[in-house]
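Enquirer: One file is attached below, my_file.txt, containing compact mmCIF, C-alpha atoms and all ligand atoms.
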```txt
# COMPACT_ATOMS: atom_id res chain seq x y z
CA MET A 1 -24.69 49.55 56.37
CA SER A 2 -27.33 51.43 54.34
CA ARG A 3 -28.76 54.75 55.47
CA TYR A 4 -32.03 52.95 56.16
CA GLU A 5 -30.36 50.34 58.36
CA GLU A 6 -28.50 53.00 60.27
CA ALA A 7 -31.65 55.08 60.76
CA LYS A 8 -33.56 51.97 61.84
CA LEU A 9 -30.98 51.33 64.57
CA ASN A 10 -31.41 54.88 65.83
CA TYR A 11 -35.17 54.39 66.12
CA GLU A 12 -34.80 50.96 67.68
CA LYS A 13 -32.62 52.43 70.43
CA MET A 14 -35.67 54.55 71.31
CA GLY A 15 -37.87 51.44 71.40
CA VAL A 16 -39.56 51.93 68.01
CA ASP A 17 -40.52 49.01 65.75
CA VAL A 18 -39.58 50.43 62.35
CA GLU A 19 -40.60 47.48 60.19
CA GLY A 20 -43.96 47.38 62.00
CA ALA A 21 -44.41 51.10 61.30
CA LEU A 22 -43.72 50.65 57.58
CA THR A 23 -46.22 47.80 57.36
CA LEU A 24 -48.94 49.72 59.22
CA CYS A 25 -48.42 52.85 57.17
CA ALA A 26 -48.73 50.97 53.88
CA ALA A 27 -51.91 49.23 55.08
CA THR A 28 -53.77 52.33 56.31
CA PRO A 29 -56.01 53.74 53.60
CA ILE A 30 -56.30 57.45 52.91
CA SER A 31 -59.48 58.56 51.22
CA ILE A 32 -58.54 61.05 48.53
CA HIS A 33 -61.26 63.53 47.59
CA CYS A 34 -62.07 63.67 43.89
CA TRP A 35 -63.08 67.34 44.17
CA GLN A 36 -59.51 68.71 44.25
CA GLY A 37 -59.36 67.88 40.53
CA ASP A 38 -62.10 70.22 39.31
CA ASP A 39 -62.59 72.86 42.01
CA VAL A 40 -65.66 71.08 43.46
CA ARG A 41 -67.68 71.62 40.29
CA GLY A 42 -69.01 68.14 39.63
CA PHE A 43 -70.72 67.01 36.43
CA ASP A 44 -74.43 67.26 37.17
CA GLN A 45 -75.16 71.00 36.86
CA LYS A 46 -74.85 72.97 33.62
CA ASP A 47 -71.99 75.47 34.04
CA GLY A 48 -71.60 74.06 37.54
CA ARG A 49 -69.57 76.06 40.03
CA ALA A 50 -68.95 75.60 43.71
CA GLY A 51 -71.44 77.75 45.60
CA ASP A 52 -74.16 77.90 48.26
CA GLY A 53 -71.85 77.70 51.25
CA ILE A 54 -68.71 76.46 49.52
CA GLN A 55 -66.15 78.34 47.46
CA THR A 56 -62.89 77.79 45.60
CA THR A 57 -60.43 80.51 44.68
CA GLY A 58 -57.96 80.62 41.80
CA ASP A 59 -58.06 79.91 38.07
CA TYR A 60 -54.98 77.82 37.37
CA PRO A 61 -55.37 76.32 33.87
CA GLY A 62 -56.06 72.64 33.20
CA ARG A 63 -58.98 71.82 35.48
CA ALA A 64 -60.61 68.45 34.77
CA GLY A 65 -63.86 69.05 32.91
CA SER A 66 -65.19 65.54 32.45
CA PHE A 67 -65.26 62.07 33.98
CA GLU A 68 -62.45 60.92 31.68
CA GLU A 69 -60.24 63.88 32.57
CA LEU A 70 -60.89 63.60 36.29
CA LYS A 71 -60.08 59.88 36.24
CA ALA A 72 -56.86 60.48 34.29
CA ASP A 73 -55.72 63.25 36.66
CA PHE A 74 -56.58 61.19 39.73
CA LEU A 75 -54.60 58.25 38.40
CA LYS A 76 -51.62 60.46 37.62
CA ALA A 77 -51.66 61.77 41.19
CA ALA A 78 -52.23 58.31 42.70
CA SER A 79 -49.23 56.92 40.81
CA LEU A 80 -46.97 59.37 42.70
CA ILE A 81 -48.38 58.75 46.18
CA PRO A 82 -47.38 55.81 48.39
CA GLY A 83 -49.85 53.75 50.40
CA LYS A 84 -53.37 52.43 50.14
CA LYS A 85 -55.95 54.71 48.56
CA ARG A 86 -59.68 55.23 48.47
CA ILE A 87 -61.49 57.70 46.25
CA ASN A 88 -63.98 60.02 47.90
CA LEU A 89 -66.84 60.99 45.57
CA HIS A 90 -69.63 63.50 45.79
CA ALA A 91 -73.06 62.81 44.34
CA SER A 92 -72.51 65.71 41.93
CA TYR A 93 -69.97 63.50 40.11
CA ALA A 94 -72.72 61.26 38.70
CA VAL A 95 -71.83 59.96 35.23
CA PHE A 96 -74.95 60.13 33.05
CA PRO A 97 -75.33 58.01 29.95
CA GLU A 98 -75.75 60.03 26.72
CA GLY A 99 -79.12 61.82 26.69
CA GLU A 100 -79.95 61.04 30.30
CA TRP A 101 -79.94 63.30 33.36
CA ALA A 102 -81.41 63.00 36.84
CA ASP A 103 -81.70 65.70 39.47
CA ARG A 104 -80.15 64.99 42.83
CA ASP A 105 -83.31 63.79 44.53
CA LYS A 106 -83.52 61.07 41.87
CA THR A 107 -79.87 60.09 41.78
CA ALA A 108 -79.26 56.37 41.42
CA TYR A 109 -76.55 53.73 41.59
CA ARG A 110 -76.41 53.28 37.81
CA TYR A 111 -74.87 56.76 37.47
CA PHE A 112 -71.95 55.65 39.63
CA ILE A 113 -71.22 52.27 38.07
CA PRO A 114 -68.44 53.82 35.95
CA TRP A 115 -66.77 55.00 39.18
CA VAL A 116 -67.17 51.57 40.77
CA GLU A 117 -65.55 49.98 37.70
CA PHE A 118 -62.71 52.51 37.89
CA ALA A 119 -62.21 51.83 41.61
CA ARG A 120 -62.28 48.08 41.13
CA GLU A 121 -59.80 48.20 38.26
CA HIS A 122 -57.28 50.15 40.33
CA GLY A 123 -57.91 48.61 43.74
CA PHE A 124 -59.33 51.76 45.33
CA GLY A 125 -62.08 51.74 47.94
CA ILE A 126 -64.85 54.34 47.52
CA ASP A 127 -66.40 56.83 49.93
CA PHE A 128 -69.45 58.91 49.13
CA ASN A 129 -71.21 62.18 50.00
CA PRO A 130 -74.60 63.69 49.24
CA THR A 131 -74.03 67.07 47.55
CA CYS A 132 -76.23 69.52 49.45
CA PHE A 133 -74.73 72.67 47.88
CA SER A 134 -74.13 74.22 44.44
CA HIS A 135 -77.75 73.69 43.46
CA PRO A 136 -80.84 75.90 42.93
CA MET A 137 -82.75 73.98 45.62
CA VAL A 138 -80.48 75.48 48.29
CA LYS A 139 -82.92 78.23 49.28
CA ASN A 140 -81.90 81.09 51.56
CA GLY A 141 -78.82 79.12 52.60
CA LEU A 142 -80.88 76.17 53.80
CA THR A 143 -81.38 72.54 52.78
CA LEU A 144 -82.38 69.88 55.32
CA SER A 145 -83.38 72.49 57.89
CA SER A 146 -85.45 74.65 55.57
CA PRO A 147 -88.92 75.71 56.73
CA ASP A 148 -90.05 75.14 53.13
CA GLU A 149 -91.40 71.59 52.97
CA ALA A 150 -90.53 71.22 49.24
CA VAL A 151 -86.90 72.20 49.84
CA ARG A 152 -86.56 69.89 52.82
CA ARG A 153 -88.22 67.02 50.91
CA PHE A 154 -85.85 67.45 47.96
CA TRP A 155 -82.75 67.19 50.14
CA ILE A 156 -84.11 64.37 52.31
CA ASP A 157 -84.80 62.41 49.13
CA HIS A 158 -81.31 63.22 47.88
CA CYS A 159 -79.69 61.96 51.08
CA ILE A 160 -81.83 58.81 51.10
CA ALA A 161 -80.90 58.13 47.47
CA CYS A 162 -77.22 58.67 48.30
CA ARG A 163 -77.31 56.13 51.11
CA GLN A 164 -78.80 53.66 48.64
CA VAL A 165 -76.04 54.46 46.13
CA ALA A 166 -73.40 53.98 48.83
CA GLN A 167 -74.99 50.68 49.86
CA ARG A 168 -74.86 49.39 46.28
CA MET A 169 -71.25 50.57 45.91
CA GLY A 170 -70.33 48.71 49.09
CA GLU A 171 -72.09 45.55 47.88
CA ALA A 172 -70.34 45.76 44.51
CA LEU A 173 -66.90 46.21 46.08
CA GLY A 174 -67.44 43.89 49.05
CA ASP A 175 -66.59 46.81 51.33
CA LYS A 176 -68.07 49.45 53.62
CA VAL A 177 -68.58 52.90 52.17
CA LEU A 178 -68.52 56.04 54.29
CA ASN A 179 -71.52 58.20 53.37
CA ASN A 180 -70.90 61.61 54.89
CA ILE A 181 -73.57 64.30 55.15
CA TRP A 182 -72.51 67.91 55.28
CA VAL A 183 -75.10 70.67 54.87
CA PRO A 184 -74.22 74.34 54.59
CA ASP A 185 -77.35 75.44 56.46
CA GLY A 186 -76.94 78.63 58.42
CA MET A 187 -77.55 82.36 58.55
CA LYS A 188 -75.56 85.40 57.58
CA ASP A 189 -76.94 87.47 60.40
CA VAL A 190 -78.27 87.04 63.90
CA PRO A 191 -81.01 84.38 63.92
CA ALA A 192 -84.42 84.94 65.47
CA ASP A 193 -84.82 81.20 65.93
CA ARG A 194 -81.88 78.88 66.53
CA MET A 195 -83.77 75.82 67.70
CA GLY A 196 -86.41 75.52 64.97
CA PRO A 197 -83.93 74.79 62.15
CA ARG A 198 -82.11 72.31 64.37
CA LEU A 199 -85.30 70.45 65.19
CA ARG A 200 -86.11 70.28 61.47
CA LEU A 201 -82.58 69.01 60.72
CA LYS A 202 -82.92 66.39 63.45
CA ALA A 203 -86.25 65.16 62.03
CA ALA A 204 -84.78 65.10 58.51
CA LEU A 205 -81.82 63.00 59.66
CA ASP A 206 -84.14 60.54 61.40
CA GLU A 207 -85.92 60.04 58.09
CA ILE A 208 -82.66 59.75 56.14
CA PHE A 209 -81.18 57.11 58.45
CA ALA A 210 -84.38 55.02 58.74
CA GLU A 211 -83.33 52.39 56.19
CA ASN A 212 -80.85 49.71 57.24
CA CYS A 213 -77.81 49.92 54.93
CA PRO A 214 -75.29 47.38 56.22
CA ASN A 215 -72.53 48.34 53.79
CA VAL A 216 -72.74 52.02 54.73
CA ILE A 217 -70.92 53.85 57.51
CA ASP A 218 -73.00 56.97 58.16
CA SER A 219 -71.47 60.23 59.28
CA VAL A 220 -72.53 63.82 59.85
CA GLU A 221 -70.00 66.63 59.45
CA SER A 222 -70.30 69.67 61.70
CA LYS A 223 -69.04 73.19 61.11
CA VAL A 224 -68.66 76.43 62.99
CA PHE A 225 -69.55 78.83 60.17
CA GLY A 226 -69.74 79.11 56.38
CA ILE A 227 -69.29 81.74 53.71
CA GLY A 228 -72.26 84.08 53.82
CA LEU A 229 -73.45 82.09 56.83
CA GLU A 230 -71.22 83.67 59.40
CA SER A 231 -73.61 84.10 62.32
CA TYR A 232 -75.20 80.70 62.74
CA THR A 233 -74.62 77.12 61.61
CA VAL A 234 -77.47 74.67 62.10
CA GLY A 235 -75.22 71.58 62.08
CA SER A 236 -72.86 72.79 64.78
CA GLY A 237 -70.32 70.63 66.62
CA GLU A 238 -72.58 70.05 69.61
CA PHE A 239 -75.60 69.35 67.40
CA PHE A 240 -73.97 66.62 65.34
CA MET A 241 -71.97 65.15 68.20
CA ALA A 242 -75.12 64.81 70.28
CA TYR A 243 -76.99 63.37 67.29
CA ALA A 244 -74.28 60.79 66.63
CA SER A 245 -74.03 59.80 70.27
CA GLN A 246 -77.78 59.07 70.37
CA HIS A 247 -77.91 57.19 67.06
CA PRO A 248 -75.74 54.06 67.00
CA GLY A 249 -74.19 53.60 63.58
CA VAL A 250 -74.09 57.34 62.87
CA TYR A 251 -70.71 58.97 63.48
CA HIS A 252 -69.49 62.52 63.86
CA LEU A 253 -66.99 63.51 61.17
CA LEU A 254 -64.36 66.00 62.30
CA ASP A 255 -63.03 68.40 59.65
CA ASN A 256 -60.10 70.29 61.13
CA GLY A 257 -61.09 73.41 59.20
CA HIS A 258 -64.43 73.56 60.97
CA TYR A 259 -63.47 74.94 64.36
CA HIS A 260 -62.37 78.20 65.90
CA PRO A 261 -58.72 78.81 64.96
CA THR A 262 -57.37 77.93 68.42
CA GLU A 263 -59.38 74.70 68.75
CA LEU A 264 -57.39 71.60 67.87
CA VAL A 265 -58.85 68.51 66.26
CA SER A 266 -55.81 66.57 67.53
CA ASP A 267 -57.33 66.94 71.00
CA LYS A 268 -60.82 65.97 69.80
CA ILE A 269 -59.60 62.65 68.32
CA PRO A 270 -58.82 60.99 71.69
CA THR A 271 -61.99 62.52 73.13
CA LEU A 272 -64.27 60.99 70.53
CA LEU A 273 -62.42 57.69 70.57
CA CYS A 274 -63.53 57.31 74.22
CA TYR A 275 -67.09 57.04 72.92
CA PHE A 276 -67.16 55.99 69.27
CA ASP A 277 -65.80 52.90 67.52
CA VAL A 278 -65.54 54.82 64.22
CA LEU A 279 -64.20 58.34 63.76
CA PRO A 280 -64.18 59.78 60.25
CA LEU A 281 -61.91 62.74 59.53
CA HIS A 282 -61.56 65.42 56.89
CA VAL A 283 -57.94 66.46 57.02
CA THR A 284 -57.44 69.94 55.65
CA ARG A 285 -55.44 73.10 56.39
CA PRO A 286 -57.37 76.12 57.58
CA VAL A 287 -55.54 79.42 57.15
CA ARG A 288 -57.36 81.81 59.52
CA TRP A 289 -60.65 80.27 58.44
CA ASP A 290 -61.98 77.17 56.66
CA SER A 291 -59.86 77.95 53.61
CA ASP A 292 -59.13 74.31 52.65
CA HIS A 293 -55.50 74.91 51.73
CA VAL A 294 -53.36 71.95 50.64
CA VAL A 295 -52.30 69.87 53.64
CA LEU A 296 -48.70 70.53 54.71
CA PHE A 297 -46.38 68.48 56.92
CA ASP A 298 -47.04 70.81 59.84
CA ASP A 299 -47.34 70.48 63.61
CA GLU A 300 -51.09 69.93 63.74
CA LEU A 301 -51.07 67.31 60.99
CA ARG A 302 -48.36 65.37 62.85
CA GLU A 303 -50.28 65.77 66.12
CA MET A 304 -53.52 64.48 64.57
CA MET A 305 -51.74 61.43 63.17
CA THR A 306 -49.91 60.98 66.48
CA GLU A 307 -53.22 60.87 68.35
CA ILE A 308 -54.62 58.30 65.91
CA VAL A 309 -51.59 56.07 66.49
CA ARG A 310 -51.34 56.66 70.26
CA CYS A 311 -54.99 55.85 70.77
CA GLY A 312 -54.75 52.61 68.82
CA GLY A 313 -57.10 54.24 66.35
CA LEU A 314 -55.73 53.01 63.02
CA GLN A 315 -58.69 50.66 62.54
CA LYS A 316 -61.23 53.16 63.84
CA VAL A 317 -60.26 56.48 62.34
CA LEU A 318 -61.20 56.87 58.68
CA ILE A 319 -58.66 59.30 57.29
CA GLY A 320 -60.12 61.40 54.49
CA LEU A 321 -58.77 64.56 52.90
CA ASP A 322 -60.68 67.74 52.12
CA PHE A 323 -58.76 70.54 50.44
CA PHE A 324 -59.19 72.29 47.13
CA ASP A 325 -56.84 74.84 45.72
CA ALA A 326 -57.64 76.22 42.27
CA SER A 327 -54.61 78.53 42.22
CA ILE A 328 -51.94 75.84 41.65
CA ASN A 329 -51.49 72.72 39.55
CA ARG A 330 -54.31 70.53 40.85
CA VAL A 331 -52.51 67.23 40.35
CA ALA A 332 -49.53 68.55 42.30
CA ALA A 333 -51.91 69.73 45.02
CA TRP A 334 -53.29 66.21 45.38
CA VAL A 335 -49.79 64.73 45.45
CA VAL A 336 -48.33 67.19 47.98
CA GLY A 337 -51.32 67.00 50.32
CA THR A 338 -51.71 63.23 50.25
CA ARG A 339 -47.98 62.51 50.50
CA ASN A 340 -47.92 64.82 53.51
CA ALA A 341 -50.76 62.90 55.13
CA GLN A 342 -48.81 59.68 54.52
CA LYS A 343 -45.59 61.26 55.74
CA ALA A 344 -47.21 62.48 58.95
CA LEU A 345 -48.77 59.07 59.53
CA LEU A 346 -45.39 57.36 59.15
CA TRP A 347 -43.79 60.00 61.39
CA ALA A 348 -46.44 59.31 64.04
CA LEU A 349 -45.91 55.55 63.76
CA LEU A 350 -42.21 56.11 64.45
CA GLN A 351 -42.60 57.92 67.77
CA PRO A 352 -41.73 56.04 70.99
CA HIS A 353 -45.28 56.22 72.34
CA GLU A 354 -45.09 53.52 75.00
CA ALA A 355 -41.95 54.96 76.58
CA LEU A 356 -43.39 58.49 76.55
CA LYS A 357 -46.71 57.39 78.06
CA ALA A 358 -44.87 55.57 80.85
CA LEU A 359 -42.89 58.73 81.62
CA GLN A 360 -46.10 60.76 81.75
CA ASP A 361 -47.76 58.26 84.08
CA SER A 362 -44.77 58.23 86.40
CA ALA A 363 -44.85 62.06 86.39
CA ASP A 364 -41.34 62.18 84.96
CA PHE A 365 -42.20 65.22 82.92
CA THR A 366 -38.62 66.34 82.43
CA GLU A 367 -37.51 63.12 80.80
CA LYS A 368 -40.74 63.00 78.81
CA MET A 369 -39.88 66.41 77.37
CA VAL A 370 -36.26 65.47 76.69
CA ARG A 371 -37.20 62.27 74.84
CA MET A 372 -40.12 63.79 72.98
CA GLU A 373 -37.87 66.51 71.64
CA GLU A 374 -35.09 64.04 70.77
CA ALA A 375 -37.50 61.85 68.80
CA LYS A 376 -38.41 64.81 66.58
CA THR A 377 -34.99 64.84 64.92
CA LEU A 378 -34.40 61.13 64.48
CA PRO A 379 -33.44 60.39 60.83
CA PHE A 380 -37.03 60.27 59.60
CA GLY A 381 -36.06 61.13 56.02
CA ASP A 382 -34.16 57.87 55.61
CA ILE A 383 -37.14 55.82 56.75
CA TRP A 384 -39.49 57.80 54.47
CA ARG A 385 -37.09 57.15 51.59
CA GLU A 386 -37.20 53.41 52.26
CA TYR A 387 -41.01 53.50 52.54
CA CYS A 388 -41.31 55.23 49.16
CA ARG A 389 -38.82 52.81 47.59
CA ARG A 390 -40.91 49.85 48.75
CA GLU A 391 -44.07 51.57 47.49
CA GLY A 392 -42.50 52.24 44.10
CA VAL A 393 -42.74 56.05 44.19
CA SER A 394 -40.04 58.68 44.35
CA ALA A 395 -38.99 59.74 47.82
CA ASP A 396 -38.02 63.30 46.96
CA GLU A 397 -39.53 66.06 44.83
CA SER A 398 -38.53 64.38 41.56
CA TRP A 399 -42.18 63.31 41.16
CA PHE A 400 -42.83 66.94 40.23
CA GLU A 401 -41.00 66.45 36.90
CA ASP A 402 -43.66 63.89 36.05
CA VAL A 403 -46.45 66.35 36.92
CA LYS A 404 -44.79 69.08 34.85
CA ALA A 405 -44.62 66.76 31.85
CA TYR A 406 -48.30 65.86 32.38
CA GLU A 407 -49.14 69.55 32.51
CA ARG A 408 -47.29 70.18 29.24
CA GLU A 409 -48.74 67.19 27.43
CA VAL A 410 -52.25 66.96 28.86
CA LEU A 411 -53.47 69.74 31.18
CA SER A 412 -52.33 72.72 29.12
CA ARG A 413 -54.23 71.43 26.06
CA ARG A 414 -57.61 71.41 27.75
CA GLY A 415 -58.67 75.02 27.49
CA THR A 416 -60.28 74.91 30.93
C1 LIG A 501 -66.85 69.16 49.38
C2 LIG A 501 -66.88 68.74 50.82
O1 LIG A 501 -67.86 67.86 51.10
C3 LIG A 501 -66.96 69.92 51.73
O2 LIG A 501 -65.69 70.51 51.68
C4 LIG A 501 -67.34 69.65 53.17
O3 LIG A 501 -66.81 68.46 53.61
C5 LIG A 501 -66.83 70.78 53.97
O4 LIG A 501 -65.87 70.63 54.64
C6 LIG A 501 -67.50 72.09 53.85
O5 LIG A 501 -66.82 73.07 54.52
MN MN A 502 -65.05 68.68 55.07
```
Rewrite the structure from the file as structure tokens, please.
Ligand SMILES: C[C@H](O)[C@H](O)[C@@H](O)C(=O)CO
Ligand SMILES: [Mn+2]

Expert:
Amino acid sequence: MSRYEEAKLNYEKMGVDVEGALTLCAATPISIHCWQGDDVRGFDQKDGRAGDGIQTTGDYPGRAGSFEELKADFLKAASLIPGKKRINLHASYAVFPEGEWADRDKTAYRYFIPWVEFAREHGFGIDFNPTCFSHPMVKNGLTLSSPDEAVRRFWIDHCIACRQVAQRMGEALGDKVLNNIWVPDGMKDVPADRMGPRLRLKAALDEIFAENCPNVIDSVESKVFGIGLESYTVGSGEFFMAYASQHPGVYHLLDNGHYHPTELVSDKIPTLLCYFDVLPLHVTRPVRWDSDHVVLFDDELREMMTEIVRCGGLQKVLIGLDFFDASINRVAAWVVGTRNAQKALLWALLQPHEALKALQDSADFTEKMVRMEEAKTLPFGDIWREYCRREGVSADESWFEDVKAYEREVLSRRGT
């Protein structure tokens, strides 16, 4: 009997359908953020750097500096990750034909056709985001909530244009595209007016969402605070949750770096699934704050995936990643973080949920604890190994040899 067959028997004794778990894991897409590859710089600003409410730290050599490089790095990472993949793009990654440039309020689908072709060629879905940061039109930390009509207009037009881009991407791929709006808007110090900016943001969103875009899933991403915006965030959790609940078709995206350190997004997933038929996520790893460290196979990641599975949320929760570490090999960062998301999803699919729920409902809390603890040390590694074998990727860290060779032959020659 192979190690897989033996492990499978162990799980089956606990009432787990292992083959079903492998099939579901392979079919659940993870949206991989393009911005890990270049430290959130994008291509549309000269000497572009992440700023205006967002920041990367580190200067590991070999950052992607062009569309070609970013595509190559993404493909290298994707080849080492099991499962179904989407690519998550920001509007700042527009690919302009030679001699052409458009500012963000004038962005258009034609600048993203090369990405659509790339996605189609490799069987990736696409998700999209307006880029309301790292731009001179972010004035005094504000975009959609600015009291300056010109600033607000610029960003409203950008978001409207992005929804149109996402719609065209969805039409081209015969798919739905998540278009997620995050704005950094906030204040460093104690505000004198908290409601005014929120009313302006609300009016801006109403304008942005006015057009019917059937291939677009709209979401708004809340946050508790930002860099240099420590005292007040316009798009807070309550603000965006209330907005989404009053606007059918607009969903609240939960980023697990965007809450107070003791708040758990794993508990918010079942809460929102009581009310929404779609729940987009940004899976990240906050270390004391919204630091966007590479996702590890840790307790909260497993608990988030567990809640998705327990709640029957695999079709409703859109799993996206959002981390960016410029202090380590960026391709390896993508691979570690995304494999961990896959690993945690498979781990969650292999828990005996029905049996545990029944024990909870019959108030048999002792046995629930005993079984829950026992399930944690079932031979998960052997099932993961089989999953990777079927997906054609290495099950252990030997993928890293491939990344090291890529670093030697490609990344180290870039001069970035
Ligand atoms: C680049 C992303 O859109 C960004 O990280 C945003 O999603 C966020 O989480 C800001 O803190
Ligand atoms: Mn995010």

Enquirer: When you draw a straight line from CA of Lys376 in chain A to CA of Leu264 in chain A, how long is it in Å?

Expert: 20.2 Å

Enquirer: Taking only C-alpha atoms and all ligand atoms and a cut-off of 10 Å, can you tell me which residues surround ligand MN 502 (chain A), written as a ChimeraX atom specification?

Expert: /A:33,180-182,221-223,253-258,281-284,290,292,320-323

Enquirer: Env of Leu314 in chain A: 8 Å cut, atoms = all atoms listed in the file, seq-sep filter 5 positions within chain, self excluded. Answer as a ChimeraX atom specification.

Expert: /A:28,308-309

Enquirer: CA of Thr233 in chain A and CA of Arg194 in chain A are how many Å apart?

Expert: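 It comes out at 8.9 Å.
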
Enquirer: Which residue is closest to ligand LIG 501 (chain A)? Choose from A:Val18, A:Met169, A:Cys25, A:Val40 and count all atoms listed in the file.

Expert: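 Ranking A:Val18, A:Met169, A:Cys25, A:Val40 by distance to ligand LIG 501 (chain A), first place goes to A:Val40.
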
Enquirer: May I ask for the distance between CA of Val294 in chain A and CA of Leu279 in chain A, given in Å to one decimal place?

Expert: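 If I compute the distance from CA of Val294 in chain A to CA of Leu279 in chain A, I get 21.8 Å.
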
Enquirer: Pick out the residues sitting within 7 Å of Ile87 in chain A, and hand them over as JSON, numbers by chain; count only C-alpha atoms, and ignore anything fewer than 4 positions along from it in its own chain.

Expert: {"A": [31, 32, 33, 34, 124, 125, 126, 127]}

Enquirer: Would you mind listing what lies within 8 Å of Gly15 in chain A as a PDB file with C-alpha atoms, keeping the file's coordinate frame, with only C-alpha atoms counted and same-chain residues fewer than 2 positions away left out?

Expert:
```pdb
ATOM      1  CA  TYR A  11     -35.170  54.390  66.120  1.00  0.00           C
ATOM      2  CA  GLU A  12     -34.800  50.960  67.680  1.00  0.00           C
ATOM      3  CA  LYS A  13     -32.620  52.430  70.430  1.00  0.00           C
ATOM      4  CA  ASP A  17     -40.520  49.010  65.750  1.00  0.00           C
ATOM      5  CA  PRO A 352     -41.730  56.040  70.990  1.00  0.00           C
ATOM      6  CA  ALA A 355     -41.950  54.960  76.580  1.00  0.00           C
TER       7      ALA A 355
END
```

Enquirer: Which of these residues is nearest to Cys388 in chain A, using only C-alpha atoms: A:Leu22, A:Leu173, A:Cys159, A:Val16?

Expert: A:Leu22

Enquirer: Hey, what's within 12 Å of Gly37 in chain A if we count all atoms listed in the file and toss same-chain stuff fewer than 2 positions away? As a ChimeraX atom specification, please?

Expert: /A:32-35,39-42,56,60-77,87-89,93,322-335,411,416

Enquirer: Using only C-alpha atoms and all ligand atoms, which residue out of A:Val224, A:Val116, A:Ala166, A:Met1 lies closest to ligand LIG 501 (chain A)?

Expert: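 Result for the nearest residue to ligand LIG 501 (chain A): A:Val224.
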
Enquirer: List the neighbours of Leu205 in chain A out to 9 Å using only C-alpha atoms; skip same-chain residues closer than 5 positions along the sequence, and give me the result as a ChimeraX atom specification.

Expert: /A:144,156,159,200,210

Enquirer: Let me make sure I understand: among A:Leu318, A:Ala78, A:Ala358, A:Ala21, which one has the smallest atom-to-atom distance to Glu386 in chain A if we use only C-alpha atoms?

Expert: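 For Glu386 in chain A, the nearest of the given residues is A:Ala21.
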
Enquirer: Using only C-alpha atoms, which of the listed residues (A:Phe297, A:Phe365, A:Phe209, A:Trp384) sits closest to Ala344 in chain A?

Expert: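 Closest to Ala344 in chain A of all the choices is A:Phe297.
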
Enquirer: Taking all listed atoms of ligand LIG 501 (chain A), build the axis-aligned box, pad each of the six sides by 6 Å, then write its centre and edge lengths in Å to one decimal as AutoDock Vina command-line options.

Expert:
```
--center_x -66.8 --center_y 70.5 --center_z 52.0 --size_x 14.2 --size_y 17.2 --size_z 17.3
```
